[in-house]
>>> print(open('target_29.cif').read())   # mmCIF, N, CA, C and O atoms
data_final
loop_
_atom_site.label_atom_id
_atom_site.label_comp_id
_atom_site.auth_asym_id
_atom_site.auth_seq_id
_atom_site.Cartn_x
_atom_site.Cartn_y
_atom_site.Cartn_z
N MET Y 119 0.81 -1.18 0.00
CA MET Y 119 0.00 0.00 0.00
C MET Y 119 0.87 1.27 0.00
O MET Y 119 0.56 2.21 -0.71
N LEU Y 120 1.94 1.30 0.76
CA LEU Y 120 2.84 2.46 0.77
C LEU Y 120 3.48 2.66 -0.60
O LEU Y 120 3.60 3.78 -1.08
N PHE Y 121 3.83 1.57 -1.25
CA PHE Y 121 4.41 1.64 -2.59
C PHE Y 121 3.42 2.28 -3.55
O PHE Y 121 3.81 3.09 -4.39
N ARG Y 122 2.15 1.94 -3.43
CA ARG Y 122 1.14 2.48 -4.32
C ARG Y 122 0.96 3.99 -4.08
O ARG Y 122 0.75 4.75 -5.02
N LEU Y 123 1.10 4.46 -2.86
CA LEU Y 123 1.00 5.89 -2.58
C LEU Y 123 2.16 6.67 -3.20
O LEU Y 123 2.00 7.79 -3.66
N LEU Y 124 3.33 6.07 -3.19
CA LEU Y 124 4.49 6.75 -3.75
C LEU Y 124 4.46 6.80 -5.27
O LEU Y 124 4.96 7.73 -5.88
N VAL Y 125 3.86 5.80 -5.88
CA VAL Y 125 3.85 5.69 -7.33
C VAL Y 125 2.71 6.50 -7.94
O VAL Y 125 2.80 6.94 -9.08
N GLU Y 126 1.65 6.73 -7.21
CA GLU Y 126 0.49 7.43 -7.77
C GLU Y 126 0.88 8.82 -8.23
O GLU Y 126 1.75 9.47 -7.67
N THR Y 127 0.19 9.30 -9.23
CA THR Y 127 0.43 10.64 -9.75
C THR Y 127 -0.08 11.67 -8.76
O THR Y 127 -1.07 11.43 -8.07
N PRO Y 128 0.55 12.82 -8.71
CA PRO Y 128 0.12 13.85 -7.77
C PRO Y 128 -1.23 14.44 -8.17
O PRO Y 128 -1.62 14.38 -9.33
N SER Y 129 -1.91 15.03 -7.21
CA SER Y 129 -3.20 15.63 -7.48
C SER Y 129 -3.01 16.90 -8.30
O SER Y 129 -1.90 17.36 -8.54
N ALA Y 130 -4.07 17.51 -8.75
CA ALA Y 130 -4.00 18.71 -9.59
C ALA Y 130 -3.33 19.86 -8.86
O ALA Y 130 -2.57 20.63 -9.44
N ALA Y 131 -3.59 20.01 -7.56
CA ALA Y 131 -2.97 21.10 -6.79
C ALA Y 131 -1.46 20.90 -6.70
O ALA Y 131 -0.68 21.84 -6.84
N ASP Y 132 -1.04 19.66 -6.45
CA ASP Y 132 0.40 19.38 -6.37
C ASP Y 132 1.07 19.57 -7.73
O ASP Y 132 2.20 20.03 -7.81
N ALA Y 133 0.38 19.21 -8.78
CA ALA Y 133 0.95 19.33 -10.12
C ALA Y 133 1.18 20.80 -10.46
O ALA Y 133 2.19 21.17 -11.05
N GLY Y 134 0.27 21.68 -10.06
CA GLY Y 134 0.44 23.11 -10.32
C GLY Y 134 1.65 23.65 -9.57
O GLY Y 134 2.41 24.45 -10.09
N GLY Y 135 1.84 23.25 -8.35
CA GLY Y 135 2.99 23.69 -7.57
C GLY Y 135 4.29 23.17 -8.13
O GLY Y 135 5.30 23.87 -8.15
N ASN Y 136 4.28 21.94 -8.61
CA ASN Y 136 5.49 21.35 -9.19
C ASN Y 136 5.87 22.03 -10.50
O ASN Y 136 7.05 22.16 -10.80
N THR Y 137 4.89 22.47 -11.28
CA THR Y 137 5.23 23.12 -12.55
C THR Y 137 5.89 24.48 -12.30
O THR Y 137 6.78 24.87 -13.04
N VAL Y 138 5.46 25.17 -11.26
CA VAL Y 138 6.09 26.44 -10.93
C VAL Y 138 7.53 26.22 -10.49
O VAL Y 138 8.45 26.92 -10.93
N VAL Y 139 7.73 25.21 -9.65
CA VAL Y 139 9.08 24.90 -9.20
C VAL Y 139 9.94 24.46 -10.38
O VAL Y 139 11.09 24.88 -10.52
N THR Y 140 9.40 23.64 -11.25
CA THR Y 140 10.13 23.19 -12.43
C THR Y 140 10.46 24.35 -13.34
O THR Y 140 11.58 24.45 -13.86
N LEU Y 141 9.51 25.24 -13.53
CA LEU Y 141 9.75 26.42 -14.36
C LEU Y 141 10.84 27.30 -13.77
O LEU Y 141 11.73 27.77 -14.49
N LEU Y 142 10.81 27.51 -12.46
CA LEU Y 142 11.84 28.32 -11.81
C LEU Y 142 13.21 27.68 -11.91
O LEU Y 142 14.21 28.36 -12.16
N THR Y 143 13.28 26.38 -11.70
CA THR Y 143 14.58 25.71 -11.78
C THR Y 143 15.10 25.68 -13.21
O THR Y 143 16.31 25.60 -13.42
N THR Y 144 14.22 25.76 -14.18
CA THR Y 144 14.65 25.81 -15.58
C THR Y 144 15.12 27.20 -15.97
O THR Y 144 16.12 27.36 -16.65
N LEU Y 145 14.40 28.22 -15.53
CA LEU Y 145 14.72 29.58 -15.93
C LEU Y 145 15.82 30.22 -15.10
O LEU Y 145 16.51 31.12 -15.58
N LEU Y 146 15.99 29.80 -13.88
CA LEU Y 146 16.98 30.41 -13.00
C LEU Y 146 18.40 30.36 -13.57
O LEU Y 146 19.09 31.39 -13.59
N PRO Y 147 18.88 29.23 -14.08
CA PRO Y 147 20.23 29.23 -14.66
C PRO Y 147 20.36 30.16 -15.88
O PRO Y 147 21.39 30.82 -16.05
N ILE Y 148 19.31 30.25 -16.67
CA ILE Y 148 19.35 31.13 -17.85
C ILE Y 148 19.42 32.59 -17.40
O ILE Y 148 20.21 33.38 -17.93
N VAL Y 149 18.62 32.96 -16.42
CA VAL Y 149 18.64 34.32 -15.90
C VAL Y 149 19.99 34.63 -15.28
O VAL Y 149 20.55 35.72 -15.50
N LEU Y 150 20.55 33.70 -14.53
CA LEU Y 150 21.88 33.91 -13.95
C LEU Y 150 22.95 34.09 -15.02
O LEU Y 150 23.85 34.93 -14.88
N MET Y 151 22.87 33.34 -16.11
CA MET Y 151 23.84 33.48 -17.20
C MET Y 151 23.73 34.86 -17.85
O MET Y 151 24.75 35.49 -18.16
N VAL Y 152 22.50 35.34 -18.04
CA VAL Y 152 22.32 36.67 -18.63
C VAL Y 152 22.90 37.74 -17.72
O VAL Y 152 23.59 38.66 -18.18
N VAL Y 153 22.66 37.62 -16.43
CA VAL Y 153 23.20 38.60 -15.47
C VAL Y 153 24.73 38.55 -15.46
O VAL Y 153 25.40 39.59 -15.46
N ILE Y 154 25.30 37.37 -15.47
CA ILE Y 154 26.76 37.23 -15.49
C ILE Y 154 27.34 37.82 -16.77
O ILE Y 154 28.34 38.54 -16.73
N PHE Y 155 26.73 37.52 -17.92
CA PHE Y 155 27.20 38.10 -19.18
C PHE Y 155 27.12 39.62 -19.15
O PHE Y 155 28.01 40.30 -19.64
N TYR Y 156 26.07 40.15 -18.57
CA TYR Y 156 25.93 41.61 -18.50
C TYR Y 156 27.08 42.21 -17.70
O TYR Y 156 27.71 43.16 -18.14
N PHE Y 157 27.34 41.67 -16.52
CA PHE Y 157 28.36 42.27 -15.66
C PHE Y 157 29.78 41.96 -16.12
O PHE Y 157 30.71 42.72 -15.83
N LEU Y 158 30.01 40.86 -16.83
CA LEU Y 158 31.36 40.53 -17.26
C LEU Y 158 31.70 41.01 -18.66
O LEU Y 158 32.88 41.25 -18.96
N LEU Y 159 30.71 41.14 -19.53
CA LEU Y 159 30.99 41.50 -20.92
C LEU Y 159 30.37 42.82 -21.36
O LEU Y 159 31.07 43.68 -21.88
N ILE Y 160 29.10 42.98 -21.16
CA ILE Y 160 28.39 44.12 -21.74
C ILE Y 160 28.72 45.42 -20.99
O ILE Y 160 29.07 46.43 -21.60
N ARG Y 161 28.63 45.40 -19.69
CA ARG Y 161 28.85 46.62 -18.89
C ARG Y 161 30.27 47.16 -19.03
O ARG Y 161 30.45 48.36 -19.27
N PRO Y 162 31.32 46.32 -18.92
CA PRO Y 162 32.68 46.86 -19.11
C PRO Y 162 32.91 47.42 -20.52
O PRO Y 162 33.59 48.43 -20.67
N GLU Y 163 32.31 46.78 -21.53
CA GLU Y 163 32.47 47.28 -22.89
C GLU Y 163 31.79 48.64 -23.06
O GLU Y 163 32.32 49.52 -23.74
N LYS Y 164 30.65 48.82 -22.44
CA LYS Y 164 29.98 50.12 -22.50
C LYS Y 164 30.82 51.18 -21.81
O LYS Y 164 30.91 52.32 -22.29
N LYS Y 165 31.45 50.84 -20.69
CA LYS Y 165 32.31 51.80 -19.98
C LYS Y 165 33.50 52.18 -20.85
O LYS Y 165 33.87 53.36 -20.95
N ARG Y 166 34.14 51.18 -21.49
CA ARG Y 166 35.29 51.46 -22.36
C ARG Y 166 34.86 52.34 -23.54
O ARG Y 166 35.57 53.27 -23.92
N SER Y 167 33.72 52.03 -24.11
CA SER Y 167 33.21 52.78 -25.24
C SER Y 167 32.93 54.23 -24.86
O SER Y 167 33.27 55.16 -25.60
N LYS Y 168 32.33 54.44 -23.70
CA LYS Y 168 32.03 55.79 -23.23
C LYS Y 168 33.31 56.56 -22.95
O LYS Y 168 33.44 57.73 -23.30
N LYS Y 169 34.29 55.90 -22.34
CA LYS Y 169 35.57 56.54 -22.04
C LYS Y 169 36.28 56.94 -23.33
O LYS Y 169 36.85 58.04 -23.42
N MET Y 170 36.25 56.07 -24.35
CA MET Y 170 36.89 56.36 -25.63
C MET Y 170 36.19 57.53 -26.33
O MET Y 170 36.85 58.43 -26.86
N LYS Y 171 34.87 57.56 -26.28
CA LYS Y 171 34.12 58.65 -26.89
C LYS Y 171 34.43 59.97 -26.21
O LYS Y 171 34.63 60.99 -26.87
N ASP Y 172 34.50 59.96 -24.88
CA ASP Y 172 34.85 61.17 -24.14
C ASP Y 172 36.26 61.66 -24.50
O ASP Y 172 36.49 62.85 -24.66
N MET Y 173 37.20 60.72 -24.63
CA MET Y 173 38.57 61.08 -24.99
C MET Y 173 38.60 61.72 -26.38
O MET Y 173 39.25 62.75 -26.58
N LEU Y 174 37.87 61.14 -27.34
CA LEU Y 174 37.86 61.69 -28.69
C LEU Y 174 37.16 63.04 -28.74
O LEU Y 174 37.56 63.93 -29.50
N ASP Y 175 36.12 63.22 -27.94
CA ASP Y 175 35.41 64.50 -27.92
C ASP Y 175 36.23 65.60 -27.27
O ASP Y 175 36.02 66.78 -27.55
N ASN Y 176 37.16 65.24 -26.39
CA ASN Y 176 37.95 66.23 -25.66
C ASN Y 176 39.36 66.42 -26.22
O ASN Y 176 40.22 66.97 -25.53
N LEU Y 177 39.59 65.98 -27.46
CA LEU Y 177 40.90 66.21 -28.08
C LEU Y 177 41.12 67.71 -28.25
O LEU Y 177 40.23 68.44 -28.67
N GLN Y 178 42.33 68.16 -27.93
CA GLN Y 178 42.67 69.57 -28.06
C GLN Y 178 43.97 69.71 -28.84
O GLN Y 178 44.75 68.76 -28.95
N VAL Y 179 44.18 70.88 -29.38
CA VAL Y 179 45.43 71.18 -30.07
C VAL Y 179 46.57 71.05 -29.06
O VAL Y 179 46.43 71.40 -27.90
N ALA Y 180 47.69 70.48 -29.49
CA ALA Y 180 48.91 70.26 -28.72
C ALA Y 180 48.85 69.01 -27.85
O ALA Y 180 49.78 68.74 -27.09
N ASP Y 181 47.78 68.22 -27.95
CA ASP Y 181 47.74 66.94 -27.25
C ASP Y 181 48.65 65.95 -27.96
O ASP Y 181 48.73 65.93 -29.19
N GLU Y 182 49.33 65.10 -27.20
CA GLU Y 182 50.13 64.03 -27.78
C GLU Y 182 49.25 62.79 -27.85
O GLU Y 182 48.71 62.35 -26.84
N VAL Y 183 49.10 62.25 -29.06
CA VAL Y 183 48.19 61.13 -29.28
C VAL Y 183 48.92 59.96 -29.94
O VAL Y 183 49.98 60.14 -30.54
N VAL Y 184 48.32 58.79 -29.80
CA VAL Y 184 48.80 57.58 -30.46
C VAL Y 184 47.65 57.06 -31.31
O VAL Y 184 46.52 56.92 -30.83
N THR Y 185 47.93 56.76 -32.58
CA THR Y 185 46.90 56.21 -33.46
C THR Y 185 46.84 54.70 -33.31
O THR Y 185 47.72 54.09 -32.70
N THR Y 186 45.82 54.11 -33.90
CA THR Y 186 45.70 52.65 -33.84
C THR Y 186 46.82 51.96 -34.60
O THR Y 186 47.14 50.82 -34.34
N GLY Y 187 47.44 52.67 -35.52
CA GLY Y 187 48.58 52.13 -36.26
C GLY Y 187 49.90 52.29 -35.54
O GLY Y 187 50.94 51.85 -36.03
N GLY Y 188 49.89 52.96 -34.38
CA GLY Y 188 51.10 53.12 -33.59
C GLY Y 188 51.86 54.40 -33.86
O GLY Y 188 52.96 54.58 -33.35
N ILE Y 189 51.29 55.31 -34.63
CA ILE Y 189 51.95 56.58 -34.91
C ILE Y 189 51.73 57.52 -33.73
O ILE Y 189 50.61 57.71 -33.27
N ILE Y 190 52.82 58.10 -33.25
CA ILE Y 190 52.75 59.05 -32.14
C ILE Y 190 52.95 60.44 -32.71
O ILE Y 190 53.87 60.68 -33.49
N GLY Y 191 52.07 61.34 -32.33
CA GLY Y 191 52.18 62.70 -32.85
C GLY Y 191 51.47 63.70 -31.97
O GLY Y 191 50.80 63.35 -31.00
N ARG Y 192 51.65 64.97 -32.34
CA ARG Y 192 51.03 66.07 -31.61
C ARG Y 192 49.91 66.65 -32.49
O ARG Y 192 50.10 66.85 -33.68
N VAL Y 193 48.76 66.91 -31.88
CA VAL Y 193 47.60 67.40 -32.62
C VAL Y 193 47.82 68.86 -33.02
O VAL Y 193 48.17 69.70 -32.20
N LEU Y 194 47.63 69.12 -34.33
CA LEU Y 194 47.73 70.49 -34.83
C LEU Y 194 46.36 71.12 -35.02
O LEU Y 194 46.19 72.31 -34.79
N SER Y 195 45.40 70.33 -35.48
CA SER Y 195 44.03 70.85 -35.63
C SER Y 195 43.05 69.69 -35.51
O SER Y 195 43.37 68.54 -35.83
N VAL Y 196 41.87 70.03 -35.03
CA VAL Y 196 40.81 69.04 -34.85
C VAL Y 196 39.62 69.51 -35.65
O VAL Y 196 39.13 70.63 -35.47
N LYS Y 197 39.16 68.66 -36.56
CA LYS Y 197 37.96 68.97 -37.33
C LYS Y 197 36.87 67.99 -36.92
O LYS Y 197 37.04 67.22 -35.99
N GLU Y 198 35.78 68.03 -37.63
CA GLU Y 198 34.62 67.21 -37.25
C GLU Y 198 34.94 65.72 -37.22
O GLU Y 198 34.65 65.04 -36.25
N ASP Y 199 35.56 65.21 -38.28
CA ASP Y 199 35.86 63.78 -38.31
C ASP Y 199 37.32 63.46 -38.58
O ASP Y 199 37.70 62.30 -38.66
N THR Y 200 38.17 64.47 -38.73
CA THR Y 200 39.59 64.24 -38.95
C THR Y 200 40.43 65.05 -37.97
O THR Y 200 39.98 66.04 -37.41
N VAL Y 201 41.66 64.60 -37.81
CA VAL Y 201 42.62 65.27 -36.93
C VAL Y 201 43.93 65.39 -37.71
O VAL Y 201 44.38 64.44 -38.34
N LEU Y 202 44.54 66.55 -37.66
CA LEU Y 202 45.85 66.76 -38.29
C LEU Y 202 46.89 66.62 -37.19
O LEU Y 202 46.85 67.34 -36.19
N ILE Y 203 47.81 65.66 -37.37
CA ILE Y 203 48.85 65.46 -36.37
C ILE Y 203 50.22 65.66 -37.01
O ILE Y 203 50.40 65.47 -38.21
N GLU Y 204 51.17 66.05 -36.17
CA GLU Y 204 52.55 66.26 -36.60
C GLU Y 204 53.41 65.24 -35.88
O GLU Y 204 53.31 65.09 -34.66
N THR Y 205 54.24 64.52 -36.64
CA THR Y 205 55.04 63.45 -36.04
C THR Y 205 56.52 63.75 -36.19
O THR Y 205 56.95 64.37 -37.16
N GLY Y 206 57.28 63.30 -35.23
CA GLY Y 206 58.74 63.32 -35.30
C GLY Y 206 59.36 64.69 -35.40
O GLY Y 206 58.69 65.72 -35.44
N SER Y 207 60.69 64.68 -35.45
CA SER Y 207 61.44 65.93 -35.51
C SER Y 207 61.42 66.53 -36.91
O SER Y 207 61.71 67.70 -37.10
N ASP Y 208 61.10 65.71 -37.94
CA ASP Y 208 61.04 66.23 -39.30
C ASP Y 208 59.70 66.90 -39.61
O ASP Y 208 59.48 67.38 -40.70
N ARG Y 209 58.82 66.95 -38.62
CA ARG Y 209 57.54 67.65 -38.67
C ARG Y 209 56.65 67.17 -39.82
O ARG Y 209 56.05 67.97 -40.53
N THR Y 210 56.57 65.89 -39.98
CA THR Y 210 55.67 65.31 -40.97
C THR Y 210 54.24 65.46 -40.47
O THR Y 210 53.93 65.14 -39.33
N ARG Y 211 53.37 65.93 -41.34
CA ARG Y 211 51.98 66.13 -40.97
C ARG Y 211 51.13 65.04 -41.59
O ARG Y 211 51.25 64.74 -42.77
N LEU Y 212 50.25 64.48 -40.78
CA LEU Y 212 49.35 63.43 -41.24
C LEU Y 212 47.92 63.81 -40.87
O LEU Y 212 47.66 64.29 -39.77
N ARG Y 213 47.03 63.58 -41.80
CA ARG Y 213 45.61 63.76 -41.51
C ARG Y 213 45.01 62.38 -41.29
O ARG Y 213 45.07 61.52 -42.17
N VAL Y 214 44.47 62.14 -40.10
CA VAL Y 214 43.92 60.83 -39.76
C VAL Y 214 42.47 60.99 -39.31
O VAL Y 214 42.06 62.08 -38.88
N LEU Y 215 41.74 59.93 -39.41
CA LEU Y 215 40.37 59.94 -38.90
C LEU Y 215 40.39 60.07 -37.38
O LEU Y 215 41.26 59.50 -36.72
N ARG Y 216 39.44 60.78 -36.86
CA ARG Y 216 39.36 60.96 -35.41
C ARG Y 216 39.17 59.60 -34.73
O ARG Y 216 39.71 59.36 -33.65
N SER Y 217 38.44 58.71 -35.37
CA SER Y 217 38.18 57.39 -34.77
C SER Y 217 39.43 56.51 -34.73
O SER Y 217 39.44 55.49 -34.04
N SER Y 218 40.49 56.88 -35.46
CA SER Y 218 41.71 56.08 -35.44
C SER Y 218 42.65 56.48 -34.31
O SER Y 218 43.72 55.89 -34.15
N ILE Y 219 42.28 57.47 -33.52
CA ILE Y 219 43.08 57.85 -32.35
C ILE Y 219 42.81 56.83 -31.25
O ILE Y 219 41.67 56.62 -30.85
N ALA Y 220 43.85 56.17 -30.78
CA ALA Y 220 43.69 55.11 -29.78
C ALA Y 220 43.91 55.62 -28.36
O ALA Y 220 43.31 55.11 -27.42
N GLU Y 221 44.77 56.63 -28.22
CA GLU Y 221 45.14 57.06 -26.86
C GLU Y 221 45.56 58.52 -26.88
O GLU Y 221 46.22 58.97 -27.81
N ASN Y 222 45.19 59.24 -25.85
CA ASN Y 222 45.65 60.61 -25.65
C ASN Y 222 46.63 60.57 -24.48
O ASN Y 222 46.25 60.27 -23.36
N ARG Y 223 47.88 60.87 -24.74
CA ARG Y 223 48.91 60.76 -23.70
C ARG Y 223 49.09 62.04 -22.90
O ARG Y 223 49.87 62.09 -21.96
N THR Y 224 48.39 63.10 -23.27
CA THR Y 224 48.50 64.36 -22.55
C THR Y 224 47.60 64.32 -21.32
O THR Y 224 46.44 63.94 -21.41
N VAL Y 225 48.15 64.71 -20.19
CA VAL Y 225 47.38 64.72 -18.95
C VAL Y 225 46.77 66.11 -18.80
O VAL Y 225 47.47 67.11 -18.78
N HIS Y 226 45.44 66.13 -18.71
CA HIS Y 226 44.72 67.39 -18.51
C HIS Y 226 44.23 67.45 -17.08
O HIS Y 226 43.87 66.44 -16.48
N ASP Y 227 44.19 68.65 -16.53
CA ASP Y 227 43.61 68.85 -15.21
C ASP Y 227 42.10 68.68 -15.32
O ASP Y 227 41.47 69.27 -16.19
N GLU Y 228 41.54 67.87 -14.44
CA GLU Y 228 40.09 67.67 -14.42
C GLU Y 228 39.44 68.89 -13.82
O GLU Y 228 39.86 69.40 -12.78
N VAL Y 229 38.41 69.37 -14.47
CA VAL Y 229 37.66 70.51 -13.95
C VAL Y 229 36.64 69.99 -12.97
O VAL Y 229 35.76 69.23 -13.30
N GLN Y 230 36.79 70.37 -11.69
CA GLN Y 230 35.88 69.95 -10.64
C GLN Y 230 34.74 70.96 -10.56
O GLN Y 230 34.97 72.15 -10.52
N SER Y 231 33.51 70.48 -10.50
CA SER Y 231 32.38 71.41 -10.39
C SER Y 231 31.71 71.26 -9.05
O SER Y 231 31.85 70.34 -8.34
#
>>> encode(input="target_29.cif", output="structure tokens")
Amino acid sequence: MLFRLLVETPSAADAGGNTVVTLLTTLLPIVLMVVIFYFLLIRPEKKRSKKMKDMLDNLQVADEVVTTGGIIGRVLSVKEDTVLIETGSDRTRLRVLRSSIAENRTVHDEVQS
């Protein structure tokens, strides 16, 4: 008789409760993976992207910059989408896309408000 109680199917009320638990145990790992991906991949990339955009927007004349190709130079003029840089002692001038600037090596004082 005890064996028959264990083998019998659960009642409708128990089945409803089990489906909720089953649904939660199925969705919980997926939700955790999405949260982990957000904090490990998406959020840091957004921070890097915002920092890079701020750096490009704040380029000034006389800043020392490095391009993605490794060219180091000093900014002579900044236009909407291009930057004129001067490299080396021979004063070679190059016009590069603003988006190709990888790093600004000039330290600016932060304006505190």
>>> resolve_selection(input="target_29.cif", expression="the PyMOL selection byres ((chain Y and resi 200) around 8)", output="PDB file with N, CA, C and O atoms, in the coordinates of the input")
ATOM      1  N   SER Y 195      45.400  70.330 -35.480  1.00  0.00           N
ATOM      2  CA  SER Y 195      44.030  70.850 -35.630  1.00  0.00           C
ATOM      3  C   SER Y 195      43.050  69.690 -35.510  1.00  0.00           C
ATOM      4  O   SER Y 195      43.370  68.540 -35.830  1.00  0.00           O
ATOM      5  N   VAL Y 196      41.870  70.030 -35.030  1.00  0.00           N
ATOM      6  CA  VAL Y 196      40.810  69.040 -34.850  1.00  0.00           C
ATOM      7  C   VAL Y 196      39.620  69.510 -35.650  1.00  0.00           C
ATOM      8  O   VAL Y 196      39.130  70.630 -35.470  1.00  0.00           O
ATOM      9  N   LYS Y 197      39.160  68.660 -36.560  1.00  0.00           N
ATOM     10  CA  LYS Y 197      37.960  68.970 -37.330  1.00  0.00           C
ATOM     11  C   LYS Y 197      36.870  67.990 -36.920  1.00  0.00           C
ATOM     12  O   LYS Y 197      37.040  67.220 -35.990  1.00  0.00           O
ATOM     13  N   GLU Y 198      35.780  68.030 -37.630  1.00  0.00           N
ATOM     14  CA  GLU Y 198      34.620  67.210 -37.250  1.00  0.00           C
ATOM     15  C   GLU Y 198      34.940  65.720 -37.220  1.00  0.00           C
ATOM     16  O   GLU Y 198      34.650  65.040 -36.250  1.00  0.00           O
ATOM     17  N   ASP Y 199      35.560  65.210 -38.280  1.00  0.00           N
ATOM     18  CA  ASP Y 199      35.860  63.780 -38.310  1.00  0.00           C
ATOM     19  C   ASP Y 199      37.320  63.460 -38.580  1.00  0.00           C
ATOM     20  O   ASP Y 199      37.700  62.300 -38.660  1.00  0.00           O
ATOM     21  N   VAL Y 201      41.660  64.600 -37.810  1.00  0.00           N
ATOM     22  CA  VAL Y 201      42.620  65.270 -36.930  1.00  0.00           C
ATOM     23  C   VAL Y 201      43.930  65.390 -37.710  1.00  0.00           C
ATOM     24  O   VAL Y 201      44.380  64.440 -38.340  1.00  0.00           O
ATOM     25  N   LEU Y 202      44.540  66.550 -37.660  1.00  0.00           N
ATOM     26  CA  LEU Y 202      45.850  66.760 -38.290  1.00  0.00           C
ATOM     27  C   LEU Y 202      46.890  66.620 -37.190  1.00  0.00           C
ATOM     28  O   LEU Y 202      46.850  67.340 -36.190  1.00  0.00           O
ATOM     29  N   ILE Y 203      47.810  65.660 -37.370  1.00  0.00           N
ATOM     30  CA  ILE Y 203      48.850  65.460 -36.370  1.00  0.00           C
ATOM     31  C   ILE Y 203      50.220  65.660 -37.010  1.00  0.00           C
ATOM     32  O   ILE Y 203      50.400  65.470 -38.210  1.00  0.00           O
ATOM     33  N   LEU Y 212      50.250  64.480 -40.780  1.00  0.00           N
ATOM     34  CA  LEU Y 212      49.350  63.430 -41.240  1.00  0.00           C
ATOM     35  C   LEU Y 212      47.920  63.810 -40.870  1.00  0.00           C
ATOM     36  O   LEU Y 212      47.660  64.290 -39.770  1.00  0.00           O
ATOM     37  N   ARG Y 213      47.030  63.580 -41.800  1.00  0.00           N
ATOM     38  CA  ARG Y 213      45.610  63.760 -41.510  1.00  0.00           C
ATOM     39  C   ARG Y 213      45.010  62.380 -41.290  1.00  0.00           C
ATOM     40  O   ARG Y 213      45.070  61.520 -42.170  1.00  0.00           O
ATOM     41  N   VAL Y 214      44.470  62.140 -40.100  1.00  0.00           N
ATOM     42  CA  VAL Y 214      43.920  60.830 -39.760  1.00  0.00           C
ATOM     43  C   VAL Y 214      42.470  60.990 -39.310  1.00  0.00           C
ATOM     44  O   VAL Y 214      42.060  62.080 -38.880  1.00  0.00           O
ATOM     45  N   LEU Y 215      41.740  59.930 -39.410  1.00  0.00           N
ATOM     46  CA  LEU Y 215      40.370  59.940 -38.900  1.00  0.00           C
ATOM     47  C   LEU Y 215      40.390  60.070 -37.380  1.00  0.00           C
ATOM     48  O   LEU Y 215      41.260  59.500 -36.720  1.00  0.00           O
ATOM     49  N   ARG Y 216      39.440  60.780 -36.860  1.00  0.00           N
ATOM     50  CA  ARG Y 216      39.360  60.960 -35.410  1.00  0.00           C
ATOM     51  C   ARG Y 216      39.170  59.600 -34.730  1.00  0.00           C
ATOM     52  O   ARG Y 216      39.710  59.360 -33.650  1.00  0.00           O
ATOM     53  N   SER Y 217      38.440  58.710 -35.370  1.00  0.00           N
ATOM     54  CA  SER Y 217      38.180  57.390 -34.770  1.00  0.00           C
ATOM     55  C   SER Y 217      39.430  56.510 -34.730  1.00  0.00           C
ATOM     56  O   SER Y 217      39.440  55.490 -34.040  1.00  0.00           O
TER      57      SER Y 217
END
>>> axis_aligned_box(input="target_29.cif", around="range 175-184 of chain Y", padding_each_side="5 Å", output="JSON")
{"center_x": 42.8, "center_y": 64.2, "center_z": -28.4, "size_x": 24.7, "size_y": 24.5, "size_z": 15.8}
>>> resolve_selection(input="target_29.cif", expression="the PyMOL selection byres ((chain Y and resi 220) around 7)", output="PyMOL selection string")
chain Y and resi 170+183-187+216-219+221-222
>>> select_by_dssp(input="target_29.cif", residues="chain Y", states="strand (DSSP E or B)", output="PyMOL selection string")
chain Y and resi 182-185+190-196+200-205+210-215+219-222
>>> select_by_dssp(input="target_29.cif", residues="chain Y", states="alpha helix (DSSP H)", output="PyMOL selection string")
chain Y and resi 120-125+130-155+161-175
>>> resolve_selection(input="target_29.cif", expression="the PyMOL selection byres ((chain Y and resi 180) around 6)", output="list in words")
Gln178, Val179, Asp181, Glu182, Arg192, Val193 and Leu194 of chain Y
>>> atom_distance(input="target_29.cif", atom1="atom O of Glu204 in chain Y", atom2="atom C of Lys171 in chain Y")
21.3 Å
>>> atom_distance(input="target_29.cif", atom1="CA of Ile190 in chain Y", atom2="CA of Asp208 in chain Y")
13.1 Å
>>> atom_distance(input="target_29.cif", atom1="CA of Phe155 in chain Y", atom2="CA of Asp175 in chain Y")
29.0 Å
>>> closest_residue(input="target_29.cif", among="Y:Thr210, Y:Asn176, Y:Thr143, Y:Asn136", to="Thr224 in chain Y", atoms="only C-alpha atoms")
Y:Asn176
